[in-house]
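Enquirer: Contents of coords_3.pdb (PDB, N, CA and C atoms) are below:
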```pdb
ATOM      1  N   MET A  70      89.673 115.333 101.751
ATOM      2  CA  MET A  70      89.340 115.752 103.094
ATOM      3  C   MET A  70      90.495 116.591 103.634
ATOM      4  N   ALA A  71      90.277 117.861 103.839
ATOM      5  CA  ALA A  71      91.309 118.744 104.356
ATOM      6  C   ALA A  71      91.390 118.601 105.866
ATOM      7  N   ARG A  72      92.585 118.635 106.363
ATOM      8  CA  ARG A  72      92.770 118.574 107.808
ATOM      9  C   ARG A  72      93.919 119.468 108.178
ATOM     10  N   ARG A  73      93.953 119.905 109.398
ATOM     11  CA  ARG A  73      95.085 120.701 109.830
ATOM     12  C   ARG A  73      96.269 119.761 110.032
ATOM     13  N   TYR A  74      97.458 120.281 109.808
ATOM     14  CA  TYR A  74      98.638 119.431 109.896
ATOM     15  C   TYR A  74      98.977 119.140 111.346
ATOM     16  N   SER A  75      99.210 117.893 111.647
ATOM     17  CA  SER A  75      99.733 117.503 112.958
ATOM     18  C   SER A  75     100.647 116.304 112.736
ATOM     19  N   HIS A  76     101.709 116.258 113.469
ATOM     20  CA  HIS A  76     102.700 115.211 113.283
ATOM     21  C   HIS A  76     102.251 113.943 113.997
ATOM     22  N   ILE A  77     102.397 112.824 113.343
ATOM     23  CA  ILE A  77     101.916 111.552 113.883
ATOM     24  C   ILE A  77     102.680 111.158 115.144
ATOM     25  N   GLN A  78     103.938 111.607 115.283
ATOM     26  CA  GLN A  78     104.727 111.250 116.455
ATOM     27  C   GLN A  78     104.155 111.843 117.741
ATOM     28  N   LYS A  79     103.377 112.920 117.634
ATOM     29  CA  LYS A  79     102.765 113.513 118.827
ATOM     30  C   LYS A  79     101.800 112.536 119.483
ATOM     31  N   TYR A  80     101.220 111.655 118.697
ATOM     32  CA  TYR A  80     100.206 110.731 119.190
ATOM     33  C   TYR A  80     100.741 109.314 119.376
ATOM     34  N   GLU A  81     102.054 109.157 119.426
ATOM     35  CA  GLU A  81     102.655 107.823 119.441
ATOM     36  C   GLU A  81     102.113 106.959 120.579
ATOM     37  N   LYS A  82     102.105 107.465 121.795
ATOM     38  CA  LYS A  82     101.663 106.656 122.937
ATOM     39  C   LYS A  82     100.208 106.236 122.801
ATOM     40  N   GLU A  83      99.360 107.190 122.405
ATOM     41  CA  GLU A  83      97.942 106.877 122.262
ATOM     42  C   GLU A  83      97.704 105.845 121.163
ATOM     43  N   ILE A  84      98.432 106.002 120.059
ATOM     44  CA  ILE A  84      98.265 105.067 118.935
ATOM     45  C   ILE A  84      98.685 103.662 119.347
ATOM     46  N   ILE A  85      99.825 103.548 120.030
ATOM     47  CA  ILE A  85     100.312 102.230 120.457
ATOM     48  C   ILE A  85      99.321 101.592 121.426
ATOM     49  N   GLU A  86      98.779 102.380 122.346
ATOM     50  CA  GLU A  86      97.785 101.846 123.290
ATOM     51  C   GLU A  86      96.562 101.318 122.544
ATOM     52  N   ARG A  87      96.112 102.063 121.534
ATOM     53  CA  ARG A  87      94.934 101.635 120.788
ATOM     54  C   ARG A  87      95.227 100.395 119.947
ATOM     55  N   ILE A  88      96.450 100.284 119.420
ATOM     56  CA  ILE A  88      96.826  99.083 118.664
ATOM     57  C   ILE A  88      96.818  97.872 119.596
ATOM     58  N   GLU A  89      97.358  98.064 120.813
ATOM     59  CA  GLU A  89      97.399  96.962 121.774
ATOM     60  C   GLU A  89      95.996  96.545 122.214
ATOM     61  N   LYS A  90      95.040  97.483 122.205
ATOM     62  CA  LYS A  90      93.652  97.149 122.549
ATOM     63  C   LYS A  90      92.972  96.364 121.438
ATOM     64  N   GLY A  91      93.548  96.410 120.231
ATOM     65  CA  GLY A  91      93.001  95.615 119.136
ATOM     66  C   GLY A  91      92.305  96.414 118.051
ATOM     67  N   GLU A  92      92.396  97.729 118.082
ATOM     68  CA  GLU A  92      91.773  98.534 117.039
ATOM     69  C   GLU A  92      92.589  98.422 115.751
ATOM     70  N   THR A  93      91.932  98.581 114.623
ATOM     71  CA  THR A  93      92.635  98.508 113.346
ATOM     72  C   THR A  93      93.316  99.834 113.057
ATOM     73  N   LEU A  94      94.286  99.789 112.160
ATOM     74  CA  LEU A  94      95.002 101.006 111.779
ATOM     75  C   LEU A  94      94.060 102.000 111.113
ATOM     76  N   ARG A  95      93.104 101.504 110.350
ATOM     77  CA  ARG A  95      92.151 102.380 109.664
ATOM     78  C   ARG A  95      91.288 103.131 110.682
ATOM     79  N   GLU A  96      90.819 102.433 111.713
ATOM     80  CA  GLU A  96      90.008 103.071 112.754
ATOM     81  C   GLU A  96      90.800 104.130 113.514
ATOM     82  N   ILE A  97      92.025 103.793 113.862
ATOM     83  CA  ILE A  97      92.868 104.733 114.601
ATOM     84  C   ILE A  97      93.176 105.947 113.735
ATOM     85  N   GLY A  98      93.488 105.713 112.469
ATOM     86  CA  GLY A  98      93.780 106.804 111.548
ATOM     87  C   GLY A  98      92.602 107.760 111.407
ATOM     88  N   GLU A  99      91.406 107.219 111.304
ATOM     89  CA  GLU A  99      90.216 108.064 111.192
ATOM     90  C   GLU A  99      90.014 108.898 112.456
ATOM     91  N   ALA A 100      90.318 108.327 113.608
ATOM     92  CA  ALA A 100      90.140 109.045 114.874
ATOM     93  C   ALA A 100      91.087 110.243 114.984
ATOM     94  N   TYR A 101      92.309 110.107 114.450
ATOM     95  CA  TYR A 101      93.296 111.182 114.557
ATOM     96  C   TYR A 101      93.447 112.002 113.276
ATOM     97  N   GLY A 102      92.764 111.602 112.217
ATOM     98  CA  GLY A 102      92.825 112.353 110.970
ATOM     99  C   GLY A 102      93.996 111.982 110.076
ATOM    100  N   PHE A 103      94.459 110.736 110.165
ATOM    101  CA  PHE A 103      95.553 110.262 109.326
ATOM    102  C   PHE A 103      95.028 109.207 108.367
ATOM    103  N   THR A 104      95.729 109.023 107.253
ATOM    104  CA  THR A 104      95.329 108.005 106.295
ATOM    105  C   THR A 104      95.847 106.642 106.738
ATOM    106  N   TYR A 105      95.329 105.609 106.100
ATOM    107  CA  TYR A 105      95.764 104.257 106.398
ATOM    108  C   TYR A 105      97.258 104.090 106.091
ATOM    109  N   GLN A 106      97.723 104.674 104.969
ATOM    110  CA  GLN A 106      99.138 104.567 104.591
ATOM    111  C   GLN A 106     100.033 105.230 105.637
ATOM    112  N   GLN A 107      99.603 106.376 106.163
ATOM    113  CA  GLN A 107     100.394 107.046 107.193
ATOM    114  C   GLN A 107     100.475 106.178 108.446
ATOM    115  N   MET A 108      99.376 105.570 108.813
ATOM    116  CA  MET A 108      99.354 104.712 109.999
ATOM    117  C   MET A 108     100.218 103.472 109.799
ATOM    118  N   ARG A 109     100.146 102.902 108.587
ATOM    119  CA  ARG A 109     100.946 101.716 108.303
ATOM    120  C   ARG A 109     102.441 102.055 108.343
ATOM    121  N   GLY A 110     102.805 103.215 107.783
ATOM    122  CA  GLY A 110     104.196 103.655 107.831
ATOM    123  C   GLY A 110     104.657 103.909 109.255
ATOM    124  N   PHE A 111     103.797 104.514 110.062
ATOM    125  CA  PHE A 111     104.127 104.750 111.468
ATOM    126  C   PHE A 111     104.392 103.435 112.189
ATOM    127  N   LYS A 112     103.501 102.461 111.991
ATOM    128  CA  LYS A 112     103.658 101.176 112.678
ATOM    129  C   LYS A 112     104.931 100.465 112.225
ATOM    130  N   THR A 113     105.247 100.542 110.944
ATOM    131  CA  THR A 113     106.470  99.924 110.432
ATOM    132  C   THR A 113     107.698 100.559 111.074
ATOM    133  N   ARG A 114     107.730 101.896 111.118
ATOM    134  CA  ARG A 114     108.867 102.583 111.739
ATOM    135  C   ARG A 114     108.963 102.270 113.231
ATOM    136  N   TYR A 115     107.821 102.210 113.902
ATOM    137  CA  TYR A 115     107.805 101.916 115.335
ATOM    138  C   TYR A 115     108.333 100.502 115.594
ATOM    139  N   ASN A 116     107.883  99.522 114.810
ATOM    140  CA  ASN A 116     108.342  98.147 114.976
ATOM    141  C   ASN A 116     109.841  98.029 114.729
ATOM    142  N   GLU A 117     110.360  98.764 113.734
ATOM    143  CA  GLU A 117     111.794  98.737 113.441
ATOM    144  C   GLU A 117     112.595  99.306 114.612
ATOM    145  N   LYS A 118     112.103 100.402 115.196
ATOM    146  CA  LYS A 118     112.779 100.981 116.362
ATOM    147  C   LYS A 118     112.791  99.998 117.528
ATOM    148  N   GLU A 119     111.685  99.313 117.747
ATOM    149  CA  GLU A 119     111.602  98.355 118.845
ATOM    150  C   GLU A 119     112.545  97.170 118.614
ATOM    151  N   ARG A 120     112.657  96.716 117.354
ATOM    152  CA  ARG A 120     113.597  95.627 117.047
ATOM    153  C   ARG A 120     115.027  96.048 117.349
ATOM    154  N   LYS A 121     115.367  97.288 116.992
ATOM    155  CA  LYS A 121     116.717  97.780 117.253
ATOM    156  C   LYS A 121     116.968  97.902 118.747
ATOM    157  N   ARG A 122     115.977  98.383 119.493
ATOM    158  CA  ARG A 122     116.134  98.484 120.953
ATOM    159  C   ARG A 122     116.351  97.117 121.563
ATOM    160  N   ALA A 123     115.584  96.131 121.111
ATOM    161  CA  ALA A 123     115.703  94.775 121.646
ATOM    162  C   ALA A 123     117.069  94.174 121.324
ATOM    163  N   ALA A 124     117.623  94.522 120.166
ATOM    164  CA  ALA A 124     118.930  94.008 119.761
ATOM    165  C   ALA A 124     120.071  94.794 120.391
ATOM    166  N   GLY A 125     119.751  95.902 121.045
ATOM    167  CA  GLY A 125     120.786  96.703 121.687
ATOM    168  C   GLY A 125     121.478  97.671 120.754
ATOM    169  N   ILE A 126     120.856  97.979 119.638
ATOM    170  CA  ILE A 126     121.437  98.915 118.681
ATOM    171  C   ILE A 126     120.909 100.308 118.990
ATOM    172  N   ALA A 127     121.800 101.267 119.070
ATOM    173  CA  ALA A 127     121.387 102.636 119.351
ATOM    174  C   ALA A 127     120.597 103.184 118.171
ATOM    175  N   ILE A 128     119.545 103.903 118.486
ATOM    176  CA  ILE A 128     118.692 104.487 117.460
ATOM    177  C   ILE A 128     119.169 105.902 117.198
ATOM    178  N   LYS A 129     119.568 106.153 115.957
ATOM    179  CA  LYS A 129     120.068 107.472 115.597
ATOM    180  C   LYS A 129     118.978 108.238 114.876
ATOM    181  N   LYS A 130     118.838 109.487 115.230
ATOM    182  CA  LYS A 130     117.866 110.338 114.551
ATOM    183  C   LYS A 130     118.547 110.996 113.371
ATOM    184  N   LYS A 131     117.779 111.251 112.341
ATOM    185  CA  LYS A 131     118.320 111.883 111.149
ATOM    186  C   LYS A 131     118.436 113.383 111.368
ATOM    187  N   GLY A 132     119.389 113.971 110.696
ATOM    188  CA  GLY A 132     119.529 115.420 110.745
ATOM    189  C   GLY A 132     120.334 115.903 111.944
ATOM    190  N   ARG A 133     120.409 117.186 112.065
ATOM    191  CA  ARG A 133     121.174 117.821 113.114
ATOM    192  C   ARG A 133     120.352 117.840 114.414
ATOM    193  N   PRO A 134     120.970 117.469 115.543
ATOM    194  CA  PRO A 134     120.217 117.472 116.790
ATOM    195  C   PRO A 134     119.936 118.898 117.263
ATOM    196  N   PRO A 135     118.843 119.105 117.994
ATOM    197  CA  PRO A 135     118.554 120.438 118.500
ATOM    198  C   PRO A 135     119.587 120.868 119.548
ATOM    199  N   LYS A 136     119.623 122.166 119.843
ATOM    200  CA  LYS A 136     120.621 122.682 120.785
ATOM    201  C   LYS A 136     120.474 122.090 122.172
ATOM    202  N   ASP A 137     119.253 121.814 122.585
ATOM    203  CA  ASP A 137     119.019 121.289 123.927
ATOM    204  C   ASP A 137     118.954 119.758 123.961
ATOM    205  N   TYR A 138     119.549 119.106 122.974
ATOM    206  CA  TYR A 138     119.490 117.655 122.853
ATOM    207  C   TYR A 138     120.286 116.987 123.974
ATOM    208  N   GLN A 139     119.666 116.045 124.651
ATOM    209  CA  GLN A 139     120.307 115.278 125.708
ATOM    210  C   GLN A 139     120.259 113.796 125.317
ATOM    211  N   VAL A 140     121.401 113.120 125.422
ATOM    212  CA  VAL A 140     121.452 111.692 125.134
ATOM    213  C   VAL A 140     121.032 110.961 126.401
ATOM    214  N   SER A 141     120.049 110.088 126.297
ATOM    215  CA  SER A 141     119.565 109.371 127.478
ATOM    216  C   SER A 141     120.555 108.283 127.877
ATOM    217  N   GLU A 142     120.481 107.901 129.140
ATOM    218  CA  GLU A 142     121.346 106.837 129.648
ATOM    219  C   GLU A 142     121.069 105.522 128.914
ATOM    220  N   GLU A 143     119.812 105.284 128.596
ATOM    221  CA  GLU A 143     119.431 104.066 127.879
ATOM    222  C   GLU A 143     120.106 104.003 126.513
ATOM    223  N   ASP A 144     120.134 105.147 125.808
ATOM    224  CA  ASP A 144     120.792 105.191 124.499
ATOM    225  C   ASP A 144     122.299 105.001 124.623
ATOM    226  N   LYS A 145     122.894 105.587 125.654
ATOM    227  CA  LYS A 145     124.337 105.423 125.869
ATOM    228  C   LYS A 145     124.672 103.959 126.140
ATOM    229  N   ILE A 146     123.878 103.328 126.990
ATOM    230  CA  ILE A 146     124.117 101.916 127.322
ATOM    231  C   ILE A 146     123.935 101.039 126.087
ATOM    232  N   ALA A 147     122.889 101.311 125.309
ATOM    233  CA  ALA A 147     122.652 100.527 124.091
ATOM    234  C   ALA A 147     123.808 100.691 123.110
ATOM    235  N   GLN A 148     124.314 101.912 122.969
ATOM    236  CA  GLN A 148     125.433 102.160 122.058
ATOM    237  C   GLN A 148     126.685 101.420 122.531
ATOM    238  N   LEU A 149     126.966 101.464 123.836
ATOM    239  CA  LEU A 149     128.142 100.768 124.367
ATOM    240  C   LEU A 149     128.017  99.255 124.212
ATOM    241  N   ARG A 150     126.816  98.711 124.450
ATOM    242  CA  ARG A 150     126.610  97.273 124.257
ATOM    243  C   ARG A 150     126.860  96.885 122.803
ATOM    244  N   TYR A 151     126.375  97.712 121.887
ATOM    245  CA  TYR A 151     126.568  97.438 120.474
ATOM    246  C   TYR A 151     128.062  97.442 120.124
ATOM    247  N   ILE A 152     128.789  98.424 120.622
ATOM    248  CA  ILE A 152     130.232  98.517 120.354
ATOM    249  C   ILE A 152     130.947  97.290 120.908
ATOM    250  N   ILE A 153     130.620  96.905 122.132
ATOM    251  CA  ILE A 153     131.258  95.739 122.755
ATOM    252  C   ILE A 153     130.939  94.471 121.967
ATOM    253  N   ASP A 154     129.684  94.309 121.566
ATOM    254  CA  ASP A 154     129.297  93.128 120.782
ATOM    255  C   ASP A 154     130.042  93.067 119.456
ATOM    256  N   ARG A 155     130.190  94.218 118.778
ATOM    257  CA  ARG A 155     130.920  94.250 117.511
ATOM    258  C   ARG A 155     132.385  93.890 117.716
ATOM    259  N   LYS A 156     132.986  94.410 118.796
ATOM    260  CA  LYS A 156     134.394  94.093 119.065
ATOM    261  C   LYS A 156     134.566  92.623 119.414
ATOM    262  N   ASP A 157     133.641  92.055 120.188
ATOM    263  CA  ASP A 157     133.699  90.630 120.500
ATOM    264  C   ASP A 157     133.593  89.786 119.237
ATOM    265  N   ALA A 158     132.718  90.181 118.326
ATOM    266  CA  ALA A 158     132.570  89.449 117.066
ATOM    267  C   ALA A 158     133.854  89.537 116.244
ATOM    268  N   LYS A 159     134.493  90.698 116.225
ATOM    269  CA  LYS A 159     135.747  90.870 115.479
ATOM    270  C   LYS A 159     136.856  90.007 116.088
ATOM    271  N   ILE A 160     136.938  89.987 117.420
ATOM    272  CA  ILE A 160     137.942  89.168 118.104
ATOM    273  C   ILE A 160     137.731  87.692 117.777
ATOM    274  N   LYS A 161     136.484  87.251 117.819
ATOM    275  CA  LYS A 161     136.176  85.857 117.496
ATOM    276  C   LYS A 161     136.571  85.529 116.060
ATOM    277  N   SER A 162     136.300  86.449 115.156
ATOM    278  CA  SER A 162     136.662  86.251 113.752
ATOM    279  C   SER A 162     138.180  86.144 113.592
ATOM    280  N   LEU A 163     138.904  87.014 114.273
ATOM    281  CA  LEU A 163     140.367  86.973 114.183
ATOM    282  C   LEU A 163     140.939  85.702 114.803
ATOM    283  N   GLU A 164     140.351  85.234 115.885
ATOM    284  CA  GLU A 164     140.806  83.989 116.504
ATOM    285  C   GLU A 164     140.601  82.809 115.555
ATOM    286  N   MET A 165     139.464  82.780 114.868
ATOM    287  CA  MET A 165     139.210  81.716 113.898
ATOM    288  C   MET A 165     140.198  81.796 112.742
ATOM    289  N   GLU A 166     140.483  83.002 112.292
ATOM    290  CA  GLU A 166     141.437  83.188 111.202
ATOM    291  C   GLU A 166     142.831  82.702 111.616
ATOM    292  N   ASN A 167     143.240  83.034 112.839
ATOM    293  CA  ASN A 167     144.544  82.575 113.330
ATOM    294  C   ASN A 167     144.602  81.059 113.405
ATOM    295  N   GLU A 168     143.531  80.449 113.864
ATOM    296  CA  GLU A 168     143.493  78.994 113.952
ATOM    297  C   GLU A 168     143.609  78.359 112.567
ATOM    298  N   LEU A 169     142.912  78.915 111.584
ATOM    299  CA  LEU A 169     143.006  78.400 110.221
ATOM    300  C   LEU A 169     144.423  78.560 109.662
ATOM    301  N   MET A 170     145.046  79.702 109.932
ATOM    302  CA  MET A 170     146.420  79.916 109.458
ATOM    303  C   MET A 170     147.383  78.926 110.106
ATOM    304  N   ARG A 171     147.215  78.682 111.424
ATOM    305  CA  ARG A 171     148.077  77.704 112.106
ATOM    306  C   ARG A 171     147.916  76.323 111.485
ATOM    307  N   ASP A 172     146.670  75.918 111.223
ATOM    308  CA  ASP A 172     146.408  74.611 110.610
ATOM    309  C   ASP A 172     147.022  74.542 109.212
ATOM    310  N   PHE A 173     146.874  75.592 108.443
ATOM    311  CA  PHE A 173     147.425  75.626 107.088
ATOM    312  C   PHE A 173     148.947  75.516 107.121
ATOM    313  N   LEU A 174     149.591  76.284 108.003
ATOM    314  CA  LEU A 174     151.043  76.260 108.084
ATOM    315  C   LEU A 174     151.559  74.902 108.560
ATOM    316  N   SER A 175     150.841  74.277 109.487
ATOM    317  CA  SER A 175     151.289  72.960 109.957
ATOM    318  C   SER A 175     151.117  71.898 108.865
ATOM    319  N   LEU A 176     150.085  72.024 108.038
ATOM    320  CA  LEU A 176     149.871  71.057 106.978
ATOM    321  C   LEU A 176     150.888  71.236 105.840
ATOM    322  N   THR A 177     151.320  72.432 105.607
ATOM    323  CA  THR A 177     152.276  72.675 104.519
ATOM    324  C   THR A 177     153.720  72.459 104.978
ATOM    325  N   GLY A 178     153.898  72.169 106.258
ATOM    326  CA  GLY A 178     155.249  71.873 106.756
ATOM    327  C   GLY A 178     156.019  73.085 107.220
ATOM    328  N   ARG A 179     155.383  74.203 107.326
ATOM    329  CA  ARG A 179     156.045  75.402 107.847
ATOM    330  C   ARG A 179     155.685  75.543 109.321
ATOM    331  N   LYS A 180     156.645  75.724 110.103
ATOM    332  CA  LYS A 180     156.488  75.886 111.555
ATOM    333  C   LYS A 180     155.474  74.954 112.114
TER     334      LYS A 180
END
```
Do you think you could lay out the structure here as structure tokens?
Expert:
Amino acid sequence: MARRYSHIQKYEKEIIERIEKGETLREIGEAYGFTYQQMRGFKTRYNEKERKRAAGIAIKKKGRPPKDYQVSEEDKIAQLRYIIDRKDAKIKSLEMENELMRDFLSLTGRK
């Protein structure tokens, strides 16, 4: 079945609305001219993006950004939260390491 090329991302909002209404991926794909595999891949990528957003991880696009690319405030905040969380985890790890070293040194009779 030949079809004209159209990118699935153009229909993202409509597809998500139809999924939430309870339509199957096969039905939605037939309506927009996409295969079941394309729809399944789209849903997988969409779910992964949503998981990253919920976790506060900034979503990076592949390739070189366009000249008129603007970073949204939401992406900036998510990136900063991720950086802060990583630094907090590193600090906690170092504090635990210091505590273990103190315990080891006290048990071996050094300081």
Enquirer: What gap, in Å, lies between atom CA of A:Glu143 and atom CA of A:Ser162?
Expert: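 Separating atom CA of A:Glu143 from atom CA of A:Ser162 is a distance of 28.5 Å.
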Enquirer: Mind checking which residues fall within 9 Å of A:Asp144, counting only C-alpha atoms, ignoring those fewer than 4 positions away in the same chain, and posting them as a ChimeraX atom specification?
Expert: /A:122,125-128,140,148-149
Enquirer: Restrict the selected residues to N, CA and C atoms and save them as a short mmCIF file (atom, residue, chain, number, x, y, z; two decimals), in the coordinates of the input.
Expert:
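Output below, filename part.cif:
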```cif
data_model
loop_
_atom_site.label_atom_id
_atom_site.label_comp_id
_atom_site.auth_asym_id
_atom_site.auth_seq_id
_atom_site.Cartn_x
_atom_site.Cartn_y
_atom_site.Cartn_z
N ARG A 122 115.98 98.38 119.49
CA ARG A 122 116.13 98.48 120.95
C ARG A 122 116.35 97.12 121.56
N GLY A 125 119.75 95.90 121.04
CA GLY A 125 120.79 96.70 121.69
C GLY A 125 121.48 97.67 120.75
N ILE A 126 120.86 97.98 119.64
CA ILE A 126 121.44 98.92 118.68
C ILE A 126 120.91 100.31 118.99
N ALA A 127 121.80 101.27 119.07
CA ALA A 127 121.39 102.64 119.35
C ALA A 127 120.60 103.18 118.17
N ILE A 128 119.54 103.90 118.49
CA ILE A 128 118.69 104.49 117.46
C ILE A 128 119.17 105.90 117.20
N VAL A 140 121.40 113.12 125.42
CA VAL A 140 121.45 111.69 125.13
C VAL A 140 121.03 110.96 126.40
N GLN A 148 124.31 101.91 122.97
CA GLN A 148 125.43 102.16 122.06
C GLN A 148 126.68 101.42 122.53
N LEU A 149 126.97 101.46 123.84
CA LEU A 149 128.14 100.77 124.37
C LEU A 149 128.02 99.26 124.21
#
```
Enquirer: Figure out the distance between atom CA of A:Glu142 and atom C of A:Ile88, please, to one decimal in Å.
Expert: 28.0 Å
Enquirer: Would you work out the distance separating atom CA of A:Tyr80 from atom CA of A:Lys121, expressed in Å to one decimal?
Expert: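 Between these atoms lies a distance of 21.1 Å.
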Enquirer: So that I can check the secondary structure, give me every residue of chain A assigned helix (DSSP H, G or I) by backbone DSSP, as a ChimeraX atom specification.
Expert: /A:77-90,94-101,105-124,142-177
Enquirer: Could you name the residues that touch A:Arg95 at 7 Å or less, counting all atoms listed in the file, but leaving out those on the same chain fewer than 4 positions away, as a list in words?
Expert: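 Final neighbour list, sorted by chain and number: Glu99, Ala100, Thr104 and Tyr105 of chain A.
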Enquirer: Take the PyMOL selection byres (((chain A and resi 77 and name CA) around 12) and name CA), run it mentally on this structure, and tell me the resulting residues as a list in words.
Expert: Tyr74, Ser75, His76, Gln78, Lys79, Tyr80, Glu81, Lys82, Glu83, Ile84, Ile85, Ile97, Gly98, Tyr101, Gly102, Phe103, Thr104, Gln106, Gln107, Met108, Arg109, Gly110, Phe111, Lys112, Arg114 and Tyr115 of chain A
